[in-house]
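Have a look at input25.csv below; it lists CSV, C-alpha atoms and all ligand atoms.
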```
chain,number,residue,atom,x,y,z
C,12,MET,CA,17.8,-23.7,10.5
C,13,ASN,CA,16.0,-26.0,8.2
C,14,PRO,CA,18.3,-26.6,5.1
C,15,ASP,CA,15.3,-26.6,2.8
C,16,THR,CA,14.1,-23.1,3.6
C,17,PRO,CA,13.7,-21.0,0.5
C,18,GLU,CA,16.7,-18.9,1.3
C,19,CYS,CA,18.9,-21.8,0.4
C,20,ALA,CA,16.9,-22.6,-2.8
C,21,GLY,CA,19.0,-20.5,-5.2
C,22,GLY,CA,21.4,-23.2,-6.4
C,23,ILE,CA,21.2,-24.9,-9.7
C,24,ARG,CA,22.1,-28.5,-10.5
C,25,MET,CA,22.7,-30.2,-13.9
C,26,THR,CA,19.7,-32.2,-14.9
C,27,ARG,CA,17.5,-33.1,-17.9
C,28,ASP,CA,14.4,-33.0,-15.7
C,29,ARG,CA,12.6,-29.9,-17.1
C,30,VAL,CA,10.5,-27.6,-14.9
C,31,SER,CA,6.8,-28.2,-15.3
C,32,ALA,CA,4.2,-25.6,-14.3
C,33,ASP,CA,2.4,-28.2,-12.2
C,34,ASN,CA,5.3,-28.5,-9.8
C,35,LYS,CA,5.5,-24.8,-9.1
C,36,ARG,CA,4.3,-23.4,-5.8
C,37,ILE,CA,4.1,-19.9,-4.4
C,38,ILE,CA,6.4,-20.8,-1.5
C,39,LEU,CA,8.6,-23.8,-0.4
C,40,ASN,CA,9.7,-24.9,-3.9
C,41,ASN,CA,12.6,-26.5,-2.0
C,42,ARG,CA,14.9,-27.1,-5.0
C,43,THR,CA,12.2,-29.2,-6.6
C,44,VAL,CA,11.5,-26.3,-8.9
C,45,ASP,CA,14.1,-24.0,-10.3
C,46,VAL,CA,13.6,-20.5,-8.8
C,47,ASN,CA,15.3,-18.8,-11.8
C,48,GLN,CA,13.0,-20.0,-14.5
C,49,LEU,CA,10.1,-17.7,-15.2
C,50,VAL,CA,8.7,-19.9,-17.9
C,51,PRO,CA,6.6,-22.1,-17.9
C,52,ILE,CA,4.4,-19.6,-16.0
C,53,LYS,CA,1.9,-21.2,-13.6
C,54,TYR,CA,0.5,-18.1,-11.8
C,55,LYS,CA,-0.7,-16.1,-14.8
C,56,TRP,CA,-2.3,-13.5,-12.5
C,57,ALA,CA,1.2,-12.6,-11.1
C,58,TRP,CA,2.5,-12.0,-14.6
C,59,HIS,CA,-0.5,-9.9,-15.5
C,60,PHE,CA,-0.1,-7.8,-12.4
C,61,TYR,CA,3.5,-7.2,-13.5
C,62,LEU,CA,2.4,-6.2,-17.0
C,63,ASP,CA,-0.2,-3.8,-15.5
C,64,GLY,CA,2.4,-2.2,-13.2
C,65,CYS,CA,4.7,-1.6,-16.2
C,66,ALA,CA,1.8,-0.2,-18.3
C,67,ASN,CA,1.2,2.4,-15.5
C,68,HIS,CA,4.8,3.5,-15.4
C,69,TRP,CA,5.3,7.2,-14.4
C,70,MET,CA,8.0,9.4,-12.9
C,71,PRO,CA,7.4,12.2,-10.3
C,72,THR,CA,9.5,14.7,-12.2
C,73,GLU,CA,7.2,14.4,-15.3
C,74,VAL,CA,4.7,16.3,-13.1
C,75,SER,CA,5.0,20.1,-12.8
C,76,MET,CA,4.9,21.5,-9.3
C,77,GLN,CA,4.8,25.1,-10.5
C,78,ARG,CA,1.2,25.8,-9.5
C,79,ASP,CA,1.6,24.0,-6.1
C,80,ILE,CA,4.6,26.2,-5.4
C,81,GLU,CA,2.7,29.4,-6.2
C,82,GLN,CA,-0.2,28.3,-4.1
C,83,TRP,CA,1.9,27.2,-1.1
C,84,LYS,CA,3.8,30.5,-1.1
C,85,ASN,CA,0.6,32.5,-1.0
C,86,PRO,CA,-0.2,33.0,2.7
C,87,GLY,CA,-4.0,33.3,2.0
C,88,ALA,CA,-4.3,30.1,-0.2
C,89,PHE,CA,-4.6,27.7,2.7
C,90,THR,CA,-5.9,27.9,6.2
C,91,PRO,CA,-3.7,26.8,9.1
C,92,ASP,CA,-5.8,23.6,9.5
C,93,GLU,CA,-5.3,22.9,5.8
C,94,ARG,CA,-1.6,23.4,6.0
C,95,HIS,CA,-1.5,21.1,9.0
C,96,VAL,CA,-3.3,18.2,7.3
C,97,ILE,CA,-1.2,18.5,4.1
C,98,LYS,CA,2.0,18.4,6.1
C,99,ARG,CA,0.8,15.5,8.2
C,100,ASN,CA,0.1,13.5,5.1
C,101,PHE,CA,3.4,14.2,3.5
C,102,GLY,CA,5.0,13.3,6.8
C,103,PHE,CA,3.2,10.0,6.9
C,104,PHE,CA,3.8,9.0,3.3
C,105,SER,CA,7.4,10.1,3.0
C,106,THR,CA,8.5,7.3,5.3
C,107,ALA,CA,5.7,4.8,4.9
C,108,GLU,CA,6.6,4.2,1.3
C,109,THR,CA,10.1,3.3,2.4
C,110,LEU,CA,8.8,0.8,5.0
C,111,VAL,CA,6.8,-1.0,2.3
C,112,GLY,CA,9.8,-1.2,0.0
C,113,ASN,CA,12.0,-2.5,2.8
C,114,ASN,CA,9.5,-5.2,3.7
C,115,ILE,CA,9.3,-6.4,0.1
C,116,VAL,CA,13.1,-6.7,-0.2
C,117,LEU,CA,14.0,-7.8,3.3
C,118,SER,CA,11.1,-10.2,4.1
C,119,ILE,CA,8.7,-11.1,1.3
C,120,TYR,CA,11.2,-11.7,-1.4
C,121,LYS,CA,13.1,-14.3,0.4
C,122,MET,CA,10.0,-16.2,1.5
C,123,VAL,CA,8.2,-16.2,-1.9
C,124,ASP,CA,10.4,-18.1,-4.2
C,125,ASN,CA,8.1,-18.5,-7.2
C,126,PRO,CA,9.7,-16.7,-10.2
C,127,GLU,CA,6.5,-15.1,-11.6
C,128,CYS,CA,5.6,-13.7,-8.2
C,129,ARG,CA,9.2,-12.5,-7.8
C,130,GLN,CA,8.9,-10.7,-11.1
C,131,TYR,CA,6.0,-8.7,-9.8
C,132,LEU,CA,7.8,-8.1,-6.4
C,133,LEU,CA,10.7,-6.6,-8.3
C,134,ARG,CA,8.4,-4.3,-10.2
C,135,GLN,CA,6.6,-3.3,-7.0
C,136,ALA,CA,9.8,-2.6,-5.2
C,137,PHE,CA,10.7,-0.2,-7.9
C,138,GLU,CA,7.3,1.5,-7.7
C,139,GLU,CA,7.8,2.0,-4.0
C,140,ALA,CA,11.1,3.7,-4.8
C,141,ILE,CA,9.2,6.0,-7.2
C,142,HIS,CA,6.7,6.8,-4.5
C,143,VAL,CA,9.5,7.7,-2.1
C,144,HIS,CA,10.9,9.8,-4.8
C,145,ALA,CA,7.5,11.5,-5.3
C,146,PHE,CA,7.4,12.7,-1.7
C,147,GLN,CA,11.0,13.8,-1.7
C,148,TYR,CA,10.3,15.8,-4.9
C,149,ILE,CA,7.1,17.4,-3.4
C,150,VAL,CA,8.9,18.3,-0.2
C,151,GLU,CA,11.8,19.8,-2.1
C,152,SER,CA,9.6,21.7,-4.6
C,153,LEU,CA,7.6,23.3,-1.8
C,154,SER,CA,10.7,24.0,0.3
C,155,LEU,CA,9.1,22.3,3.3
C,156,ASP,CA,11.2,21.7,6.4
C,157,GLU,CA,12.7,18.3,5.4
C,158,ALA,CA,13.6,17.4,9.0
C,159,GLU,CA,10.0,18.1,10.2
C,160,ILE,CA,8.5,15.9,7.4
C,161,PHE,CA,11.0,13.0,7.4
C,162,ASN,CA,11.2,12.8,11.3
C,163,MET,CA,7.4,12.9,11.7
C,164,TYR,CA,7.0,9.2,12.0
C,165,ARG,CA,9.1,9.2,15.2
C,166,GLU,CA,7.7,12.5,16.6
C,167,ASN,CA,4.0,12.2,16.0
C,168,GLN,CA,2.1,9.6,18.0
C,169,ALA,CA,-0.6,8.7,15.5
C,170,ILE,CA,1.9,8.2,12.7
C,171,TYR,CA,4.3,6.3,14.9
C,172,GLU,CA,1.6,3.9,16.0
C,173,LYS,CA,0.6,3.1,12.4
C,174,ASP,CA,4.3,2.5,11.4
C,175,GLU,CA,5.0,0.5,14.5
C,176,PHE,CA,2.1,-1.8,13.6
C,177,SER,CA,3.6,-2.5,10.2
C,178,MET,CA,7.3,-2.5,11.1
C,179,SER,CA,6.9,-5.0,14.0
C,180,CYS,CA,5.8,-7.5,11.3
C,181,THR,CA,9.0,-6.9,9.2
C,182,ASP,CA,11.1,-7.4,12.3
C,183,GLY,CA,9.2,-10.7,13.0
C,184,ILE,CA,10.5,-12.1,9.7
C,185,ILE,CA,14.0,-10.6,9.7
C,186,ASP,CA,15.0,-11.3,13.3
C,187,GLN,CA,13.9,-14.9,13.4
C,188,ASN,CA,14.4,-17.9,11.1
C,189,VAL,CA,10.8,-18.3,10.1
C,190,ASP,CA,10.3,-21.9,9.1
C,191,LEU,CA,7.6,-22.0,6.4
C,192,THR,CA,7.2,-25.7,6.7
C,193,THR,CA,5.5,-25.2,10.1
C,194,LYS,CA,2.0,-23.9,10.7
C,195,GLU,CA,3.4,-21.2,13.1
C,196,GLY,CA,6.0,-20.0,10.5
C,197,LEU,CA,3.4,-19.8,7.8
C,198,GLN,CA,1.0,-17.9,10.0
C,199,LYS,CA,3.8,-15.5,10.9
C,200,PHE,CA,4.5,-14.9,7.2
C,201,ILE,CA,0.8,-14.4,6.4
C,202,ASP,CA,0.5,-12.0,9.3
C,203,ASN,CA,3.3,-9.9,7.6
C,204,LEU,CA,1.5,-10.0,4.2
C,205,VAL,CA,-1.7,-8.9,5.8
C,206,ALA,CA,0.0,-6.1,7.7
C,207,PHE,CA,1.6,-4.7,4.6
C,208,TYR,CA,-0.8,-5.5,1.7
C,209,VAL,CA,-4.1,-5.3,3.5
C,210,VAL,CA,-3.4,-2.9,6.3
C,211,THR,CA,-0.6,-0.6,5.3
C,212,GLU,CA,-1.3,-0.3,1.6
C,213,GLY,CA,-5.0,-1.1,1.8
C,214,ILE,CA,-6.1,0.9,4.9
C,215,PHE,CA,-3.3,3.2,6.3
C,216,PHE,CA,-2.9,5.0,3.0
C,217,TYR,CA,-6.5,5.8,2.5
C,218,SER,CA,-7.5,8.7,4.8
C,219,GLY,CA,-4.4,10.5,3.3
C,220,PHE,CA,-5.5,9.7,-0.2
C,221,VAL,CA,-9.0,11.0,0.4
C,222,THR,CA,-7.8,14.2,2.0
C,223,MET,CA,-5.1,15.0,-0.6
C,224,LEU,CA,-7.4,14.2,-3.5
C,225,SER,CA,-10.1,16.4,-2.0
C,226,PHE,CA,-7.7,19.3,-2.4
C,227,GLY,CA,-7.1,18.1,-6.0
C,228,ARG,CA,-10.8,18.2,-6.7
C,229,GLN,CA,-10.7,21.9,-5.9
C,230,ASN,CA,-7.7,22.3,-8.1
C,231,ARG,CA,-5.4,23.0,-5.2
C,232,MET,CA,-2.0,21.4,-5.0
C,233,PRO,CA,-2.6,20.0,-8.5
C,234,GLY,CA,0.9,18.6,-9.0
C,235,ALA,CA,1.1,16.8,-5.7
C,236,CYS,CA,-2.4,15.5,-6.2
C,237,GLU,CA,-1.7,14.2,-9.7
C,238,GLN,CA,1.2,12.2,-8.2
C,239,ILE,CA,-0.9,11.0,-5.3
C,240,GLN,CA,-3.5,9.9,-7.9
C,241,TYR,CA,-0.8,7.8,-9.7
C,242,ILE,CA,0.3,6.4,-6.3
C,243,LEU,CA,-3.2,5.4,-5.4
C,244,ARG,CA,-3.6,3.6,-8.8
C,245,ASP,CA,-0.3,1.7,-8.1
C,246,GLU,CA,-1.3,0.9,-4.6
C,247,SER,CA,-4.6,-0.6,-5.6
C,248,ILE,CA,-2.6,-3.0,-7.9
C,249,HIS,CA,-0.2,-3.8,-5.0
C,250,MET,CA,-3.0,-4.6,-2.7
C,251,ASN,CA,-4.8,-6.8,-5.2
C,252,PHE,CA,-1.6,-8.7,-5.9
C,253,GLY,CA,-1.0,-9.1,-2.2
C,254,ILE,CA,-4.5,-10.4,-1.5
C,255,GLN,CA,-4.2,-12.9,-4.4
C,256,LEU,CA,-0.8,-14.0,-3.1
C,257,ILE,CA,-2.3,-14.5,0.4
C,258,ASN,CA,-5.3,-16.4,-0.9
C,259,SER,CA,-3.1,-18.6,-3.1
C,260,ILE,CA,-0.7,-19.5,-0.2
C,261,ILE,CA,-3.7,-20.4,1.9
C,262,GLU,CA,-5.2,-22.5,-0.9
C,263,GLU,CA,-1.9,-24.4,-1.2
C,264,ASN,CA,-1.4,-24.7,2.6
C,265,PRO,CA,-5.0,-24.9,4.0
C,266,TYR,CA,-3.9,-26.2,7.4
C,267,CYS,CA,-2.6,-22.8,8.4
C,268,TRP,CA,-6.0,-21.1,8.1
C,269,THR,CA,-7.4,-22.0,11.5
C,270,THR,CA,-10.3,-20.3,13.2
C,271,GLN,CA,-7.9,-19.1,15.9
C,272,PHE,CA,-5.7,-17.5,13.3
C,273,THR,CA,-8.5,-15.9,11.3
C,274,ASP,CA,-9.9,-14.5,14.6
C,275,TYR,CA,-6.4,-13.0,15.3
C,276,LEU,CA,-6.3,-11.4,11.8
C,277,ILE,CA,-9.7,-9.9,12.2
C,278,THR,CA,-8.6,-8.4,15.6
C,279,ARG,CA,-5.5,-7.0,13.9
C,280,ILE,CA,-7.5,-5.4,11.1
C,281,LYS,CA,-9.9,-3.9,13.6
C,282,ARG,CA,-6.9,-2.4,15.5
C,283,ALA,CA,-5.6,-1.0,12.2
C,284,VAL,CA,-9.0,0.7,11.6
C,285,GLU,CA,-8.7,2.3,15.1
C,286,LEU,CA,-5.2,3.5,14.4
C,287,GLU,CA,-6.3,5.0,11.1
C,288,VAL,CA,-9.2,6.8,12.8
C,289,ASN,CA,-6.8,8.2,15.4
C,290,TYR,CA,-4.6,9.4,12.6
C,291,ALA,CA,-7.6,11.1,11.0
C,292,ARG,CA,-8.4,12.8,14.3
C,293,GLU,CA,-4.9,14.0,14.6
C,294,CYS,CA,-4.9,15.3,11.0
C,295,LEU,CA,-8.4,16.9,11.1
C,296,PRO,CA,-9.0,18.2,14.6
C,297,ARG,CA,-11.6,20.6,13.3
C,298,GLY,CA,-12.2,19.2,9.8
C,299,VAL,CA,-11.4,20.8,6.4
C,300,LEU,CA,-13.0,20.7,3.0
C,301,GLY,CA,-16.1,19.1,4.4
C,302,LEU,CA,-14.0,16.2,5.7
C,303,ASN,CA,-14.2,15.2,9.4
C,304,VAL,CA,-13.4,12.4,11.7
C,305,ALA,CA,-16.9,10.8,11.5
C,306,LEU,CA,-16.8,10.6,7.7
C,307,MET,CA,-13.2,9.3,7.8
C,308,ARG,CA,-14.3,6.6,10.3
C,309,GLU,CA,-17.1,5.5,8.0
C,310,TYR,CA,-14.9,5.4,5.0
C,311,VAL,CA,-12.1,3.5,6.7
C,312,GLN,CA,-14.6,1.0,8.1
C,313,TYR,CA,-16.1,0.6,4.6
C,314,ILE,CA,-12.8,-0.2,3.0
C,315,ALA,CA,-11.8,-2.5,5.8
C,316,ASP,CA,-14.9,-4.5,5.2
C,317,ARG,CA,-14.0,-4.7,1.5
C,318,ARG,CA,-10.6,-6.0,2.4
C,319,LEU,CA,-12.0,-8.6,4.8
C,320,GLU,CA,-14.4,-9.9,2.1
C,321,LYS,CA,-11.5,-10.4,-0.3
C,322,LEU,CA,-9.8,-12.5,2.3
C,323,HIS,CA,-13.1,-14.5,2.7
C,324,LEU,CA,-13.5,-13.2,6.2
C,325,PRO,CA,-16.7,-11.7,7.6
C,326,ARG,CA,-17.5,-8.0,7.4
C,327,GLN,CA,-17.2,-6.2,10.7
C,328,TYR,CA,-18.8,-2.8,10.2
C,329,ASN,CA,-21.4,-2.6,7.4
C,330,SER,CA,-20.6,1.1,6.9
C,331,SER,CA,-21.4,2.8,3.6
C,332,ASN,CA,-19.0,4.6,1.4
C,333,PRO,CA,-19.1,8.4,2.0
C,334,PHE,CA,-16.7,9.1,-0.9
C,335,PRO,CA,-18.0,7.2,-3.9
C,336,TRP,CA,-15.8,9.4,-6.2
C,337,MET,CA,-12.7,7.6,-4.8
C,338,SER,CA,-13.5,4.5,-6.9
C,339,GLU,CA,-13.5,6.7,-10.0
C,340,VAL,CA,-10.0,8.0,-9.2
C,341,ILE,CA,-8.7,4.4,-8.7
C,342,ASP,CA,-10.0,3.2,-12.0
C,343,LEU,CA,-8.5,6.0,-14.0
C,344,LYS,CA,-6.0,5.6,-16.9
C,345,LYS,CA,-2.8,7.7,-16.9
C,346,GLU,CA,-3.6,9.6,-20.1
C,347,LYS,CA,-6.8,10.9,-18.5
C,348,ASN,CA,-5.9,13.1,-15.6
C,349,PHE,CA,-8.8,13.0,-13.2
C,350,PHE,CA,-8.4,16.7,-12.1
C,351,GLU,CA,-7.7,18.2,-15.5
C,352,THR,CA,-10.6,16.5,-17.2
C,353,ARG,CA,-13.1,17.2,-14.5
C,354,VAL,CA,-11.8,20.4,-13.0
C,355,THR,CA,-14.7,22.7,-14.2
C,356,GLU,CA,-17.2,20.6,-12.3
C,357,TYR,CA,-15.5,21.4,-9.0
C,358,GLN,CA,-14.5,25.0,-9.5
C,359,THR,CA,-17.9,26.4,-8.5
C,360,GLY,CA,-17.6,26.4,-4.8
C,361,GLY,CA,-15.5,25.6,-1.7
C,362,ALA,CA,-17.8,22.9,-0.3
C,363,LEU,CA,-17.9,19.4,-1.6
C,364,GLU,CA,-21.0,17.4,-2.0
C,365,TRP,CA,-20.7,13.7,-1.3
L,401,MN,MN,3.7,2.8,-2.5
L,402,FE,FE,2.7,-0.1,-2.5
```

Any chance you could put this one into structure tokens?
Amino acid sequence: MNPDTPECAGGIRMTRDRVSADNKRIILNNRTVDVNQLVPIKYKWAWHFYLDGCANHWMPTEVSMQRDIEQWKNPGAFTPDERHVIKRNFGFFSTAETLVGNNIVLSIYKMVDNPECRQYLLRQAFEEAIHVHAFQYIVESLSLDEAEIFNMYRENQAIYEKDEFSMSCTDGIIDQNVDLTTKEGLQKFIDNLVAFYVVTEGIFFYSGFVTMLSFGRQNRMPGACEQIQYILRDESIHMNFGIQLINSIIEENPYCWTTQFTDYLITRIKRAVELEVNYARECLPRGVLGLNVALMREYVQYIADRRLEKLHLPRQYNSSNPFPWMSEVIDLKKEKNFFETRVTEYQTGGALEW
């Protein structure tokens, strides 16, 4: 193992050479920069993502599940297809949030040794714990079968394949001594960041978000949907931080960004889109609430193109956004609950207009 890898970079030495922001790097500070000194801050964006995360702080138990419980207990309140898709989404999210938290702590944190980025990673790790808590709270409140929900990622093929896609990238960092001083090591790490920030948080969460928030727009499952709306807002900050992190690492280490590697990443993102469409097919075999597989495919392709653009990679689909209301939910402030402020607009009928 290379003695200069960041894992070893935690020691301090007595010196009068003070840390200057110019010397800081995202990775591979190699004892030339103290990893314990937040200030002077070089990456102001990382600090601002941290402040934004804190400003959005919320706890699941602040949200009442009373109306959800009443609705869920009412046999006529949901069709079997509606119950199916709701349970699938809880099954997916209840373990996916844990995978993301584990990857931050077990692989990203030891590779990224810049203190302001680590400050954000600590905040994000806590937010992932809050998200895990949210699904535990929802499952418990609704008295769902815990074993059914929490085992779903091993029992359901479509969920398993999404999680396998992400988890194989955590294993790639934990199992091997990834050497960030080599092109291959750096590419392996960027592959992990893309799998989590761009694919898991930026693509795999989204057909679940659209479906659950569609119930919320009809004032159904309002407590679960309010929490999912806060999760979506957190996730969009996670993804934006991750993309900025990836782009900054590439800027500081341009030699890793080869055509062969970008072609590989595009293939991976296209595979992720397929897996997300398969998942939508599994969740919506006949469609509910005006949602169906074709619309989901269009939406997932649309967001994948947006993610590719942010990585300065070419669009692959040119699909349009069938759910423009989603951007409104993402931009919302906590004080202004999307559903409570707009509920009258959506109470008129069952069908949604896009
Ligand atoms: Mn999360
Ligand atoms: Fe996240």

Excluding C:Phe216 and residues on its chain fewer than 2 positions from it, collect all residues at most 9 Å away from it, counting only C-alpha atoms, and give them as a ChimeraX atom specification.
/C:103-104,107,210-214,218-221,243,246,287

Okay, now the selection with C-alpha atoms, as a PDB file, in the coordinates of the input?
```
ATOM      1  CA  PHE C 103       3.200  10.000   6.900  1.00  0.00           C
ATOM      2  CA  PHE C 104       3.800   9.000   3.300  1.00  0.00           C
ATOM      3  CA  ALA C 107       5.700   4.800   4.900  1.00  0.00           C
ATOM      4  CA  VAL C 210      -3.400  -2.900   6.300  1.00  0.00           C
ATOM      5  CA  THR C 211      -0.600  -0.600   5.300  1.00  0.00           C
ATOM      6  CA  GLU C 212      -1.300  -0.300   1.600  1.00  0.00           C
ATOM      7  CA  GLY C 213      -5.000  -1.100   1.800  1.00  0.00           C
ATOM      8  CA  ILE C 214      -6.100   0.900   4.900  1.00  0.00           C
ATOM      9  CA  SER C 218      -7.500   8.700   4.800  1.00  0.00           C
ATOM     10  CA  GLY C 219      -4.400  10.500   3.300  1.00  0.00           C
ATOM     11  CA  PHE C 220      -5.500   9.700  -0.200  1.00  0.00           C
ATOM     12  CA  VAL C 221      -9.000  11.000   0.400  1.00  0.00           C
ATOM     13  CA  LEU C 243      -3.200   5.400  -5.400  1.00  0.00           C
ATOM     14  CA  GLU C 246      -1.300   0.900  -4.600  1.00  0.00           C
ATOM     15  CA  GLU C 287      -6.300   5.000  11.100  1.00  0.00           C
TER      16      GLU C 287
END
```

Distance criterion (only C-alpha atoms and all ligand atoms): nearest to ligand MN 401 (chain L) out of C:Tyr61, C:Trp83, C:Tyr328, C:Tyr217
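Using only C-alpha atoms and all ligand atoms, the shortest distance to ligand MN 401 (chain L) belongs to C:Tyr217.
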
Between atom CA of C:Asn40 and atom CA of C:Arg24, what is the distance in Å, rounded to a tenth?
14.5 Å

Selection near stretch 29-33 of chain C, 7 Å with only C-alpha atoms, sequence-local residues under 3 positions removed, as a CSV table (one decimal) with C-alpha atoms, in the frame of the given file:
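To be explicit, this is the file written out as selection_10.csv:
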```csv
chain,number,residue,atom,x,y,z
C,44,VAL,CA,11.5,-26.3,-8.9
C,45,ASP,CA,14.1,-24.0,-10.3
C,51,PRO,CA,6.6,-22.1,-17.9
C,52,ILE,CA,4.4,-19.6,-16.0
C,53,LYS,CA,1.9,-21.2,-13.6
```

Kindly provide, as a CSV table (one decimal) with C-alpha atoms, keeping the file's coordinate frame, all nucleotide and amino acid residues lying within 10 Å of ligand FE 402 (chain L), counting only C-alpha atoms and all ligand atoms.
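And here is the file that came out, selection_31.csv:
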```csv
chain,number,residue,atom,x,y,z
C,107,ALA,CA,5.7,4.8,4.9
C,108,GLU,CA,6.6,4.2,1.3
C,109,THR,CA,10.1,3.3,2.4
C,110,LEU,CA,8.8,0.8,5.0
C,111,VAL,CA,6.8,-1.0,2.3
C,112,GLY,CA,9.8,-1.2,0.0
C,115,ILE,CA,9.3,-6.4,0.1
C,135,GLN,CA,6.6,-3.3,-7.0
C,136,ALA,CA,9.8,-2.6,-5.2
C,137,PHE,CA,10.7,-0.2,-7.9
C,138,GLU,CA,7.3,1.5,-7.7
C,139,GLU,CA,7.8,2.0,-4.0
C,140,ALA,CA,11.1,3.7,-4.8
C,142,HIS,CA,6.7,6.8,-4.5
C,207,PHE,CA,1.6,-4.7,4.6
C,208,TYR,CA,-0.8,-5.5,1.7
C,211,THR,CA,-0.6,-0.6,5.3
C,212,GLU,CA,-1.3,-0.3,1.6
C,213,GLY,CA,-5.0,-1.1,1.8
C,216,PHE,CA,-2.9,5.0,3.0
C,242,ILE,CA,0.3,6.4,-6.3
C,243,LEU,CA,-3.2,5.4,-5.4
C,244,ARG,CA,-3.6,3.6,-8.8
C,245,ASP,CA,-0.3,1.7,-8.1
C,246,GLU,CA,-1.3,0.9,-4.6
C,247,SER,CA,-4.6,-0.6,-5.6
C,248,ILE,CA,-2.6,-3.0,-7.9
C,249,HIS,CA,-0.2,-3.8,-5.0
C,250,MET,CA,-3.0,-4.6,-2.7
C,253,GLY,CA,-1.0,-9.1,-2.2
```
